[in-house]
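Have a look at upload.cif; it's mmCIF, C-alpha atoms:
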data_start
#
loop_
_atom_site.group_PDB
_atom_site.id
_atom_site.type_symbol
_atom_site.label_atom_id
_atom_site.label_comp_id
_atom_site.auth_asym_id
_atom_site.auth_seq_id
_atom_site.Cartn_x
_atom_site.Cartn_y
_atom_site.Cartn_z
ATOM 1 C CA MET A 1 -20.006 -5.489 10.561
ATOM 2 C CA SER A 2 -23.745 -5.037 11.179
ATOM 3 C CA THR A 3 -26.495 -6.583 9.058
ATOM 4 C CA THR A 4 -27.063 -3.214 7.395
ATOM 5 C CA GLY A 5 -23.359 -3.010 6.609
ATOM 6 C CA TYR A 6 -23.462 -6.416 4.910
ATOM 7 C CA LEU A 7 -26.482 -5.383 2.847
ATOM 8 C CA ILE A 8 -24.738 -2.226 1.696
ATOM 9 C CA PHE A 9 -21.580 -4.191 0.901
ATOM 10 C CA PHE A 10 -23.318 -6.818 -1.239
ATOM 11 C CA ARG A 11 -25.889 -4.589 -2.951
ATOM 12 C CA ASP A 12 -25.425 -3.062 -6.418
ATOM 13 C CA HIS A 13 -21.984 -4.502 -7.159
ATOM 14 C CA ALA A 14 -20.811 -4.685 -10.756
ATOM 15 C CA HIS A 15 -17.688 -5.816 -12.591
ATOM 16 C CA CYS A 16 -15.855 -4.667 -15.695
ATOM 17 C CA THR A 17 -12.651 -5.662 -17.463
ATOM 18 C CA LYS A 18 -9.967 -3.364 -18.845
ATOM 19 C CA PHE A 19 -7.712 -4.669 -21.616
ATOM 20 C CA ALA A 20 -5.487 -2.817 -24.068
ATOM 21 C CA GLY A 21 -6.970 0.500 -22.963
ATOM 22 C CA THR A 22 -10.557 -0.627 -23.604
ATOM 23 C CA ILE A 23 -13.070 -1.017 -20.775
ATOM 24 C CA SER A 24 -15.914 -3.487 -21.130
ATOM 25 C CA ALA A 25 -19.512 -2.849 -20.145
ATOM 26 C CA PHE A 26 -20.433 -3.375 -16.497
ATOM 27 C CA ALA A 27 -22.011 -6.692 -15.509
ATOM 28 C CA ASN A 28 -23.955 -6.949 -12.252
ATOM 29 C CA ILE A 29 -22.785 -9.451 -9.602
ATOM 30 C CA TYR A 30 -25.576 -11.366 -7.899
ATOM 31 C CA ALA A 31 -24.262 -14.611 -6.426
ATOM 32 C CA ILE A 32 -20.484 -14.173 -6.057
ATOM 33 C CA VAL A 33 -18.519 -12.335 -3.400
ATOM 34 C CA ILE A 34 -15.991 -9.967 -4.951
ATOM 35 C CA GLN A 35 -12.590 -11.650 -5.126
ATOM 36 C CA GLY A 36 -10.015 -10.102 -2.815
ATOM 37 C CA SER A 37 -12.644 -8.475 -0.601
ATOM 38 C CA ALA A 38 -11.504 -10.626 2.388
ATOM 39 C CA ILE A 39 -15.131 -11.325 3.187
ATOM 40 C CA GLY A 40 -15.360 -14.359 0.904
ATOM 41 C CA PRO A 41 -14.418 -17.130 3.400
ATOM 42 C CA ALA A 42 -16.625 -15.667 6.147
ATOM 43 C CA SER A 43 -19.522 -15.294 3.735
ATOM 44 C CA HIS A 44 -19.096 -18.902 2.605
ATOM 45 C CA ILE A 45 -19.157 -20.160 6.190
ATOM 46 C CA VAL A 46 -22.371 -18.258 6.892
ATOM 47 C CA THR A 47 -23.988 -19.406 3.643
ATOM 48 C CA ALA A 48 -23.006 -23.063 4.114
ATOM 49 C CA ALA A 49 -24.077 -23.189 7.766
ATOM 50 C CA ASP A 50 -27.202 -25.180 6.847
ATOM 51 C CA LEU A 51 -25.375 -27.586 4.515
ATOM 52 C CA HIS A 52 -25.476 -31.003 6.173
ATOM 53 C CA PRO A 53 -24.978 -34.567 4.911
ATOM 54 C CA VAL A 54 -28.080 -36.515 3.985
ATOM 55 C CA TYR A 55 -26.786 -39.657 5.697
ATOM 56 C CA LYS A 56 -25.206 -39.722 9.155
ATOM 57 C CA ALA A 57 -22.299 -41.903 8.030
ATOM 58 C CA ASN A 58 -21.197 -39.218 5.567
ATOM 59 C CA GLN A 59 -19.324 -36.103 6.656
ATOM 60 C CA ILE A 60 -18.945 -32.611 5.227
ATOM 61 C CA PHE A 61 -15.848 -30.505 5.912
ATOM 62 C CA LYS A 62 -15.857 -26.797 5.101
ATOM 63 C CA LEU A 63 -12.370 -25.332 4.758
ATOM 64 C CA ALA A 64 -12.033 -21.688 3.700
ATOM 65 C CA GLU A 65 -14.131 -21.483 0.511
ATOM 66 C CA ASP A 66 -13.953 -25.205 -0.287
ATOM 67 C CA THR A 67 -16.349 -27.954 0.740
ATOM 68 C CA TYR A 68 -15.357 -31.625 1.016
ATOM 69 C CA LEU A 69 -17.818 -34.519 1.137
ATOM 70 C CA VAL A 70 -16.406 -37.700 2.708
ATOM 71 C CA VAL A 71 -18.287 -40.933 2.050
ATOM 72 C CA PRO A 72 -17.133 -44.196 3.708
ATOM 73 C CA ALA A 73 -16.809 -47.345 1.617
ATOM 74 C CA ALA A 74 -19.799 -48.889 3.374
ATOM 75 C CA ARG A 75 -22.041 -46.090 2.014
ATOM 76 C CA LYS A 76 -20.540 -45.697 -1.457
ATOM 77 C CA ASP A 77 -24.025 -46.204 -2.930
ATOM 78 C CA THR A 78 -25.053 -42.790 -1.521
ATOM 79 C CA CYS A 79 -22.498 -40.728 -3.481
ATOM 80 C CA GLN A 80 -24.762 -39.780 -6.365
ATOM 81 C CA LYS A 81 -27.675 -38.996 -4.046
ATOM 82 C CA LYS A 82 -25.472 -36.682 -2.021
ATOM 83 C CA ILE A 83 -24.223 -34.899 -5.156
ATOM 84 C CA ASN A 84 -27.832 -34.358 -6.195
ATOM 85 C CA HIS A 85 -28.529 -32.960 -2.723
ATOM 86 C CA LEU A 86 -25.623 -30.510 -3.101
ATOM 87 C CA GLN A 87 -26.978 -29.457 -6.491
ATOM 88 C CA THR A 88 -30.414 -28.779 -5.011
ATOM 89 C CA TRP A 89 -28.948 -26.911 -2.044
ATOM 90 C CA ALA A 90 -26.875 -24.681 -4.343
ATOM 91 C CA VAL A 91 -29.913 -23.765 -6.451
ATOM 92 C CA GLU A 92 -31.934 -22.915 -3.338
ATOM 93 C CA HIS A 93 -29.138 -20.537 -2.208
ATOM 94 C CA ASN A 94 -28.773 -18.785 -5.572
ATOM 95 C CA LEU A 95 -25.502 -20.626 -6.195
ATOM 96 C CA LYS A 96 -24.238 -23.085 -8.767
ATOM 97 C CA LEU A 97 -22.401 -26.364 -8.316
ATOM 98 C CA ASN A 98 -19.435 -26.035 -10.653
ATOM 99 C CA ARG A 99 -18.978 -29.601 -11.872
ATOM 100 C CA ASP A 100 -15.862 -28.653 -13.838
ATOM 101 C CA LYS A 101 -14.101 -27.791 -10.563
ATOM 102 C CA THR A 102 -15.707 -30.593 -8.565
ATOM 103 C CA LYS A 103 -13.451 -33.657 -8.341
ATOM 104 C CA GLU A 104 -13.864 -37.146 -6.942
ATOM 105 C CA ILE A 105 -11.061 -39.224 -5.415
ATOM 106 C CA VAL A 106 -11.282 -42.774 -4.079
ATOM 107 C CA PHE A 107 -8.855 -43.696 -1.307
ATOM 108 C CA THR A 108 -7.848 -47.342 -1.199
ATOM 109 C CA SER A 109 -4.966 -49.407 0.142
ATOM 110 C CA SER A 110 -5.284 -52.035 -2.580
ATOM 111 C CA ARG A 111 -5.079 -51.618 -6.338
ATOM 112 C CA ASN A 112 -6.972 -54.894 -6.825
ATOM 113 C CA ARG A 113 -10.129 -53.666 -5.107
ATOM 114 C CA MET A 114 -12.865 -52.644 -7.528
ATOM 115 C CA PRO A 115 -13.698 -48.928 -7.064
ATOM 116 C CA PRO A 116 -17.308 -47.738 -7.056
ATOM 117 C CA PRO A 117 -18.756 -46.295 -10.273
ATOM 118 C CA PRO A 118 -17.907 -42.597 -10.782
ATOM 119 C CA CYS A 119 -20.489 -39.904 -10.135
ATOM 120 C CA LEU A 120 -22.163 -38.534 -13.237
ATOM 121 C CA GLY A 121 -20.606 -35.371 -14.613
ATOM 122 C CA ILE A 122 -17.741 -35.335 -12.084
ATOM 123 C CA LYS A 123 -14.169 -36.208 -13.009
ATOM 124 C CA ARG A 124 -12.413 -38.863 -10.913
ATOM 125 C CA VAL A 125 -8.772 -38.071 -10.132
ATOM 126 C CA THR A 126 -5.881 -39.888 -8.463
ATOM 127 C CA SER A 127 -4.614 -36.829 -6.576
ATOM 128 C CA LEU A 128 -6.187 -33.700 -5.139
ATOM 129 C CA ARG A 129 -4.846 -30.414 -3.761
ATOM 130 C CA ILE A 130 -6.281 -29.717 -0.319
ATOM 131 C CA LEU A 131 -5.192 -26.446 1.300
ATOM 132 C CA GLY A 132 -1.933 -26.468 -0.637
ATOM 133 C CA VAL A 133 -1.096 -30.137 0.019
ATOM 134 C CA ILE A 134 -1.283 -32.770 -2.741
ATOM 135 C CA VAL A 135 -3.113 -35.868 -1.467
ATOM 136 C CA ASN A 136 -3.115 -38.980 -3.659
ATOM 137 C CA ASP A 137 -5.439 -41.967 -3.613
ATOM 138 C CA ARG A 138 -2.951 -44.027 -1.564
ATOM 139 C CA MET A 139 -2.707 -41.322 1.135
ATOM 140 C CA MET A 140 1.053 -41.104 0.615
ATOM 141 C CA ALA A 141 3.244 -38.016 0.173
ATOM 142 C CA ALA A 142 4.939 -38.870 -3.148
ATOM 143 C CA ASP A 143 2.905 -36.408 -5.236
ATOM 144 C CA ASN A 144 3.274 -33.647 -2.656
ATOM 145 C CA VAL A 145 7.052 -34.149 -2.535
ATOM 146 C CA THR A 146 7.172 -33.881 -6.342
ATOM 147 C CA MET A 147 5.231 -30.620 -6.189
ATOM 148 C CA LEU A 148 7.506 -29.389 -3.387
ATOM 149 C CA LEU A 149 10.665 -30.137 -5.400
ATOM 150 C CA SER A 150 9.284 -28.251 -8.395
ATOM 151 C CA SER A 151 8.281 -25.246 -6.279
ATOM 152 C CA CYS A 152 11.624 -25.093 -4.474
ATOM 153 C CA SER A 153 13.533 -25.415 -7.752
ATOM 154 C CA SER A 154 11.724 -22.320 -9.028
ATOM 155 C CA LEU A 155 12.618 -20.466 -5.828
ATOM 156 C CA LEU A 156 16.279 -21.486 -6.124
ATOM 157 C CA TYR A 157 16.331 -20.204 -9.698
ATOM 158 C CA ALA A 158 14.941 -16.871 -8.515
ATOM 159 C CA MET A 159 17.680 -16.722 -5.903
ATOM 160 C CA ARG A 160 20.284 -17.370 -8.585
ATOM 161 C CA VAL A 161 18.938 -14.374 -10.498
ATOM 162 C CA LEU A 162 19.114 -12.245 -7.342
ATOM 163 C CA ARG A 163 22.706 -13.291 -6.740
ATOM 164 C CA ALA A 164 23.575 -12.410 -10.340
ATOM 165 C CA HIS A 165 22.261 -8.905 -9.620
ATOM 166 C CA GLY A 166 24.661 -8.541 -6.695
ATOM 167 C CA ILE A 167 22.551 -9.284 -3.640
ATOM 168 C CA PRO A 168 24.778 -10.070 -0.588
ATOM 169 C CA ALA A 169 25.207 -13.681 0.579
ATOM 170 C CA THR A 170 23.724 -12.894 4.003
ATOM 171 C CA SER A 171 20.576 -11.519 2.381
ATOM 172 C CA LEU A 172 20.348 -14.617 0.174
ATOM 173 C CA ARG A 173 20.368 -16.832 3.261
ATOM 174 C CA ASP A 174 17.612 -14.740 4.831
ATOM 175 C CA ILE A 175 15.551 -15.053 1.655
ATOM 176 C CA PHE A 176 16.185 -18.794 1.604
ATOM 177 C CA ARG A 177 14.809 -19.236 5.111
ATOM 178 C CA ALA A 178 11.833 -16.974 4.392
ATOM 179 C CA THR A 179 10.881 -18.751 1.157
ATOM 180 C CA VAL A 180 12.319 -22.236 0.703
ATOM 181 C CA VAL A 181 12.405 -23.309 4.364
ATOM 182 C CA SER A 182 8.936 -21.865 4.955
ATOM 183 C CA ARG A 183 7.686 -23.675 1.868
ATOM 184 C CA ILE A 184 9.113 -26.974 3.116
ATOM 185 C CA GLN A 185 7.541 -26.568 6.563
ATOM 186 C CA ASN A 186 4.152 -25.480 5.201
ATOM 187 C CA ALA A 187 1.510 -27.919 6.528
ATOM 188 C CA ALA A 188 4.322 -30.417 7.218
ATOM 189 C CA PRO A 189 2.490 -32.113 10.139
ATOM 190 C CA ALA A 190 -0.227 -33.171 7.689
ATOM 191 C CA TRP A 191 2.025 -35.023 5.246
ATOM 192 C CA SER A 192 5.553 -35.511 6.611
ATOM 193 C CA GLY A 193 4.607 -38.767 8.358
ATOM 194 C CA ARG A 194 3.476 -40.270 5.062
ATOM 195 C CA CYS A 195 6.854 -40.007 3.309
ATOM 196 C CA SER A 196 8.454 -43.232 2.134
ATOM 197 C CA SER A 197 12.226 -43.734 2.304
ATOM 198 C CA ALA A 198 12.431 -42.687 -1.351
ATOM 199 C CA ASP A 199 10.449 -39.511 -0.611
ATOM 200 C CA CYS A 200 12.795 -38.690 2.291
ATOM 201 C CA GLY A 201 15.795 -38.948 -0.027
ATOM 202 C CA ARG A 202 14.150 -36.699 -2.614
ATOM 203 C CA ARG A 203 13.140 -34.031 -0.104
ATOM 204 C CA ASP A 204 16.616 -34.028 1.508
ATOM 205 C CA SER A 205 18.117 -33.235 -1.896
ATOM 206 C CA ILE A 206 16.668 -29.720 -1.614
ATOM 207 C CA LEU A 207 18.912 -28.782 1.310
ATOM 208 C CA ARG A 208 21.944 -30.545 -0.135
ATOM 209 C CA ARG A 209 21.570 -28.547 -3.327
ATOM 210 C CA SER A 210 21.001 -25.244 -1.508
ATOM 211 C CA LYS A 211 24.083 -25.755 0.678
ATOM 212 C CA ARG A 212 26.180 -26.633 -2.371
ATOM 213 C CA LEU A 213 25.048 -23.431 -4.087
ATOM 214 C CA GLY A 214 25.704 -21.348 -0.974
ATOM 215 C CA TYR A 215 22.088 -20.294 -0.408
ATOM 216 C CA SER A 216 21.903 -21.680 3.131
ATOM 217 C CA ASN A 217 24.216 -22.132 6.095
ATOM 218 C CA ASN A 218 26.001 -25.460 6.403
ATOM 219 C CA ASP A 219 24.736 -25.791 9.973
ATOM 220 C CA LEU A 220 21.079 -25.557 8.896
ATOM 221 C CA SER A 221 19.011 -28.315 10.480
ATOM 222 C CA SER A 222 18.103 -31.319 8.383
ATOM 223 C CA ILE A 223 14.592 -31.549 6.964
ATOM 224 C CA ALA A 224 13.816 -34.341 9.441
ATOM 225 C CA ASP A 225 14.760 -32.015 12.316
ATOM 226 C CA LEU A 226 12.713 -29.184 10.800
ATOM 227 C CA PHE A 227 9.707 -31.496 10.592
ATOM 228 C CA ASN A 228 10.177 -32.696 14.182
ATOM 229 C CA SER A 229 10.295 -29.098 15.415
ATOM 230 C CA THR A 230 7.170 -28.223 13.434
ATOM 231 C CA ASP A 231 5.334 -31.288 14.759
ATOM 232 C CA ASP A 232 6.275 -30.473 18.366
ATOM 233 C CA ASP A 233 5.113 -26.856 18.107
ATOM 234 C CA PHE A 234 1.841 -27.815 16.434
ATOM 235 C CA PHE A 235 1.068 -30.626 18.894
ATOM 236 C CA ASN A 236 1.741 -28.354 21.870
ATOM 237 C CA ARG A 237 -0.699 -25.793 20.472
ATOM 238 C CA ILE A 238 -3.333 -28.499 20.151
ATOM 239 C CA LYS A 239 -2.806 -29.644 23.749
ATOM 240 C CA ILE A 240 -2.983 -26.242 25.431
ATOM 241 C CA ASN A 241 -5.806 -24.756 23.338
ATOM 242 C CA SER A 242 -9.145 -26.268 24.320
ATOM 243 C CA SER A 243 -10.790 -24.496 21.351
ATOM 244 C CA HIS A 244 -8.372 -25.895 18.782
ATOM 245 C CA VAL A 245 -10.111 -27.524 15.820
ATOM 246 C CA LEU A 246 -8.143 -30.757 16.412
ATOM 247 C CA GLN A 247 -8.949 -30.998 20.129
ATOM 248 C CA PRO A 248 -11.931 -33.338 19.538
ATOM 249 C CA TYR A 249 -9.589 -35.811 17.830
ATOM 250 C CA LEU A 250 -7.400 -36.231 20.904
ATOM 251 C CA PRO A 251 -8.145 -39.422 22.877
ATOM 252 C CA ASP A 252 -9.641 -39.398 26.347
ATOM 253 C CA LYS A 253 -7.546 -38.655 29.403
ATOM 254 C CA LEU A 254 -5.760 -41.575 31.008
ATOM 255 C CA ASN A 255 -6.752 -41.952 34.650
ATOM 256 C CA LEU A 256 -3.956 -43.664 36.576
ATOM 257 C CA PRO A 257 -4.156 -44.423 40.317
ATOM 258 C CA TYR A 258 -0.423 -43.817 40.592
ATOM 259 C CA GLN A 259 2.159 -41.417 39.171
ATOM 260 C CA LEU A 260 5.688 -42.672 38.636
ATOM 261 C CA ARG A 261 7.098 -39.769 36.670
ATOM 262 C CA THR A 262 6.016 -36.627 34.879
ATOM 263 C CA ARG A 263 4.289 -37.261 31.558
ATOM 264 C CA SER A 264 4.271 -34.838 28.647
ATOM 265 C CA HIS A 265 0.591 -35.625 28.064
ATOM 266 C CA ASN A 266 -2.186 -37.389 29.970
ATOM 267 C CA LYS A 267 -3.921 -38.955 26.960
ATOM 268 C CA THR A 268 -4.638 -42.591 26.220
ATOM 269 C CA LEU A 269 -2.385 -44.048 23.536
ATOM 270 C CA ILE A 270 -3.960 -45.001 20.204
ATOM 271 C CA ASN A 271 -2.830 -48.345 18.835
ATOM 272 C CA LYS A 272 -0.727 -48.276 15.692
ATOM 273 C CA ALA A 273 -2.963 -50.582 13.702
ATOM 274 C CA LYS A 274 -1.812 -49.865 10.136
ATOM 275 C CA LEU A 275 0.673 -47.731 8.222
ATOM 276 C CA LEU A 276 -1.805 -44.890 7.638
ATOM 277 C CA ASN A 277 -2.826 -44.987 11.278
ATOM 278 C CA SER A 278 0.745 -44.881 12.593
ATOM 279 C CA SER A 279 1.693 -42.012 10.267
ATOM 280 C CA ASP A 280 -1.115 -39.796 11.575
ATOM 281 C CA LEU A 281 0.168 -36.721 13.426
ATOM 282 C CA ILE A 282 -1.774 -37.269 16.652
ATOM 283 C CA VAL A 283 -0.951 -40.990 16.831
ATOM 284 C CA ARG A 284 2.763 -40.566 16.266
ATOM 285 C CA MET A 285 3.024 -37.605 18.665
ATOM 286 C CA LEU A 286 1.195 -39.491 21.430
ATOM 287 C CA HIS A 287 3.651 -42.361 21.077
ATOM 288 C CA LYS A 288 6.630 -40.035 20.746
ATOM 289 C CA TYR A 289 5.954 -38.516 24.156
ATOM 290 C CA SER A 290 4.602 -41.617 25.855
ATOM 291 C CA PRO A 291 6.363 -42.602 29.092
#
As structure tokens, what does this structure read like?
Amino acid sequence: MSTTGYLIFFRDHAHCTKFAGTISAFANIYAIVIQGSAIGPASHIVTAADLHPVYKANQIFKLAEDTYLVVPAARKDTCQKKINHLQTWAVEHNLKLNRDKTKEIVFTSSRNRMPPPPCLGIKRVTSLRILGVIVNDRMMAADNVTMLLSSCSSLLYAMRVLRAHGIPATSLRDIFRATVVSRIQNAAPAWSGRCSSADCGRRDSILRRSKRLGYSNNDLSSIADLFNSTDDDFFNRIKINSSHVLQPYLPDKLNLPYQLRTRSHNKTLINKAKLLNSSDLIVRMLHKYSP
């Protein structure tokens, strides 16, 4: 779309609400992209192109229409200054920092460590939804597995209703793979490695229940196998696509003066220093396919 097209699209937009047959008066829209217009994420990326962290140690990640500020523990004293910077930037761009929707989460491996003071006017939480995945302050998958169990239970109930209305068993299995299995595999590389043994038992109960109810085939792969397949496909896409967003996180190439056998990758292995490090997708995949 040309610049003129964008101007025409954004200019003179208004909104009204219809309820119980009554239509409200029109209100002009000045600073918000119309929801469902499909131009929202692109517009946000363009608008936030000049949004940068005040301090080099901090990082800003822009995902879809959300913005995430990451502050390391060594610079925790800069949190409030950075929030004030975001507030100023929003005002300068005819936007508003919605503090009711802005959340703060502190990641720590120890409950005994004193957290930094919370930012003024921003609620501190112990878990946060990021692109559909629940991340808690211990960087473990327990909360996401709980959300997954609840979501899949609702889907299984819907399938029970469909079966009560006479839908064939073969169609039920197709629906199961299109909904429940897809839901389980959604963003699995990001969180599957952070499941404890208890989480693995809870997530496996989904397939056991579905097989008992006849919603899936008995020969359906286990959740562990589904996750391994998803990890392999995703890692291969990262390797072969030089423009992939995760390419910069791959380690440097390993230069060997000899070649004993064919390797699945030519990257230097990253040491498994801690639990969170070893559960990272790239680290575990590099070691999985190491010679």
The PyMOL selection byres ((chain A and resi 142-151) around 8) resolved against shown file, as a ChimeraX atom specification: /A:127,133-136,140-141,152-155,183-184,195-196,199,202-203,206
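For Ala90 of chain A, the non-local neighbours within 12 Å, defined as residues at least 4 positions apart in the same chain or in other chains and counting all atoms listed in the file, are Ala31, His44, Thr47, Ala48, Asp50, Leu51, Ile83, Asn84, His85, Leu86, Asn94, Leu95, Lys96, Leu97, Asn98 and Arg99 of chain A.
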Show me the residues close to (-10.8, -23.5, 1.3) - anything with an atom within 10 Å, counting only C-alpha atoms - and format the list as a list in words.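 Residues found, by chain and rising number: Pro41, His44, Phe61, Lys62, Leu63, Ala64, Glu65, Asp66, Thr67, Tyr68, Ile130, Leu131 and Gly132 of chain A.
Of the listed residues A:Cys200, A:Met159, A:Leu120, A:Val54, the one whose atoms come nearest to Ala178 of chain A is A:Met159, with distances taken using all atoms listed in the file.
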I'd like the contact shell of Arg75 of chain A - 10 Å cut-off, all atoms listed in the file, skipping same-chain residues fewer than 6 positions apart - returned as number ranges by chain. A: 55, 57-58
Select, from A:Ser24, A:Ser222, A:Thr126, A:Gln247, the residue with the minimum atom-to-atom distance to Lys267 of chain A, counting all atoms listed in the file.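 Going through A:Ser24, A:Ser222, A:Thr126, A:Gln247 one by one, the smallest distance to Lys267 of chain A is for A:Gln247.
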Taking (3.4, -39.1, 7.9) in the file's coordinates as the center, which residues reach within 8 Å of it, counting all atoms listed in the file, put as a PyMOL selection string? chain A and resi 140-141+189-195+276+278-281
Expand the PyMOL selection byres ((chain A and resi 226) around 12) into the explicit residue set it covers here, and present it as a PDB file with C-alpha atoms, in the coordinates of the input.
ATOM      1  CA  ARG A 177      14.809 -19.236   5.111  1.00  0.00           C
ATOM      2  CA  VAL A 181      12.405 -23.309   4.364  1.00  0.00           C
ATOM      3  CA  SER A 182       8.936 -21.865   4.955  1.00  0.00           C
ATOM      4  CA  ARG A 183       7.686 -23.675   1.868  1.00  0.00           C
ATOM      5  CA  ILE A 184       9.113 -26.974   3.116  1.00  0.00           C
ATOM      6  CA  GLN A 185       7.541 -26.568   6.563  1.00  0.00           C
ATOM      7  CA  ASN A 186       4.152 -25.480   5.201  1.00  0.00           C
ATOM      8  CA  ALA A 188       4.322 -30.417   7.218  1.00  0.00           C
ATOM      9  CA  PRO A 189       2.490 -32.113  10.139  1.00  0.00           C
ATOM     10  CA  SER A 192       5.553 -35.511   6.611  1.00  0.00           C
ATOM     11  CA  ARG A 203      13.140 -34.031  -0.104  1.00  0.00           C
ATOM     12  CA  ASP A 204      16.616 -34.028   1.508  1.00  0.00           C
ATOM     13  CA  LEU A 207      18.912 -28.782   1.310  1.00  0.00           C
ATOM     14  CA  LEU A 220      21.079 -25.557   8.896  1.00  0.00           C
ATOM     15  CA  SER A 221      19.011 -28.315  10.480  1.00  0.00           C
ATOM     16  CA  SER A 222      18.103 -31.319   8.383  1.00  0.00           C
ATOM     17  CA  ILE A 223      14.592 -31.549   6.964  1.00  0.00           C
ATOM     18  CA  ALA A 224      13.816 -34.341   9.441  1.00  0.00           C
ATOM     19  CA  ASP A 225      14.760 -32.015  12.316  1.00  0.00           C
ATOM     20  CA  PHE A 227       9.707 -31.496  10.592  1.00  0.00           C
ATOM     21  CA  ASN A 228      10.177 -32.696  14.182  1.00  0.00           C
ATOM     22  CA  SER A 229      10.295 -29.098  15.415  1.00  0.00           C
ATOM     23  CA  THR A 230       7.170 -28.223  13.434  1.00  0.00           C
ATOM     24  CA  ASP A 231       5.334 -31.288  14.759  1.00  0.00           C
ATOM     25  CA  ASP A 232       6.275 -30.473  18.366  1.00  0.00           C
ATOM     26  CA  ASP A 233       5.113 -26.856  18.107  1.00  0.00           C
TER      27      ASP A 233
END
Tell me which residues the PyMOL selection byres ((chain A and resi 106) around 12) grabs here, as number ranges by chain. A: 69-73, 76, 79, 103-105, 107-111, 113-119, 123-128, 135-139
Mind filling out segment 206-223 of chain A with N, CA and C atoms and sending it as an mmCIF file, in the coordinates of the input?
data_model
loop_
_atom_site.group_PDB
_atom_site.id
_atom_site.type_symbol
_atom_site.label_atom_id
_atom_site.label_comp_id
_atom_site.auth_asym_id
_atom_site.auth_seq_id
_atom_site.Cartn_x
_atom_site.Cartn_y
_atom_site.Cartn_z
ATOM 1 N N ILE A 206 16.869 -31.165 -1.538
ATOM 2 C CA ILE A 206 16.668 -29.720 -1.614
ATOM 3 C C ILE A 206 17.725 -28.995 -0.792
ATOM 4 N N LEU A 207 17.927 -29.447 0.456
ATOM 5 C CA LEU A 207 18.912 -28.782 1.310
ATOM 6 C C LEU A 207 20.336 -29.048 0.834
ATOM 7 N N ARG A 208 20.594 -30.258 0.361
ATOM 8 C CA ARG A 208 21.944 -30.545 -0.135
ATOM 9 C C ARG A 208 22.300 -29.626 -1.301
ATOM 10 N N ARG A 209 21.333 -29.417 -2.173
ATOM 11 C CA ARG A 209 21.570 -28.547 -3.327
ATOM 12 C C ARG A 209 21.745 -27.103 -2.896
ATOM 13 N N SER A 210 20.919 -26.638 -1.950
ATOM 14 C CA SER A 210 21.001 -25.244 -1.508
ATOM 15 C C SER A 210 22.320 -24.971 -0.787
ATOM 16 N N LYS A 211 22.804 -25.936 0.000
ATOM 17 C CA LYS A 211 24.083 -25.755 0.678
ATOM 18 C C LYS A 211 25.237 -25.747 -0.325
ATOM 19 N N ARG A 212 25.136 -26.591 -1.346
ATOM 20 C CA ARG A 212 26.180 -26.633 -2.371
ATOM 21 C C ARG A 212 26.254 -25.327 -3.147
ATOM 22 N N LEU A 213 25.090 -24.696 -3.351
ATOM 23 C CA LEU A 213 25.048 -23.431 -4.087
ATOM 24 C C LEU A 213 25.319 -22.224 -3.190
ATOM 25 N N GLY A 214 25.400 -22.437 -1.886
ATOM 26 C CA GLY A 214 25.704 -21.348 -0.974
ATOM 27 C C GLY A 214 24.505 -20.510 -0.578
ATOM 28 N N TYR A 215 23.287 -21.053 -0.755
ATOM 29 C CA TYR A 215 22.088 -20.294 -0.408
ATOM 30 C C TYR A 215 21.707 -20.451 1.064
ATOM 31 N N SER A 216 22.239 -21.459 1.729
ATOM 32 C CA SER A 216 21.903 -21.680 3.131
ATOM 33 C C SER A 216 23.172 -21.985 3.916
ATOM 34 N N ASN A 217 23.082 -21.819 5.231
ATOM 35 C CA ASN A 217 24.216 -22.132 6.095
ATOM 36 C C ASN A 217 24.437 -23.637 6.166
ATOM 37 N N ASN A 218 25.686 -24.035 6.313
ATOM 38 C CA ASN A 218 26.001 -25.460 6.403
ATOM 39 C C ASN A 218 25.474 -26.087 7.684
ATOM 40 N N ASP A 219 25.238 -25.256 8.705
ATOM 41 C CA ASP A 219 24.736 -25.791 9.973
ATOM 42 C C ASP A 219 23.204 -25.780 10.041
ATOM 43 N N LEU A 220 22.542 -25.534 8.917
ATOM 44 C CA LEU A 220 21.079 -25.557 8.896
ATOM 45 C C LEU A 220 20.579 -26.958 9.243
ATOM 46 N N SER A 221 19.559 -27.027 10.058
ATOM 47 C CA SER A 221 19.011 -28.315 10.480
ATOM 48 C C SER A 221 18.544 -29.127 9.283
ATOM 49 N N SER A 222 18.604 -30.445 9.435
ATOM 50 C CA SER A 222 18.103 -31.319 8.383
ATOM 51 C C SER A 222 16.590 -31.180 8.266
ATOM 52 N N ILE A 223 16.041 -31.644 7.153
ATOM 53 C CA ILE A 223 14.592 -31.549 6.964
ATOM 54 C C ILE A 223 13.862 -32.380 8.017
#
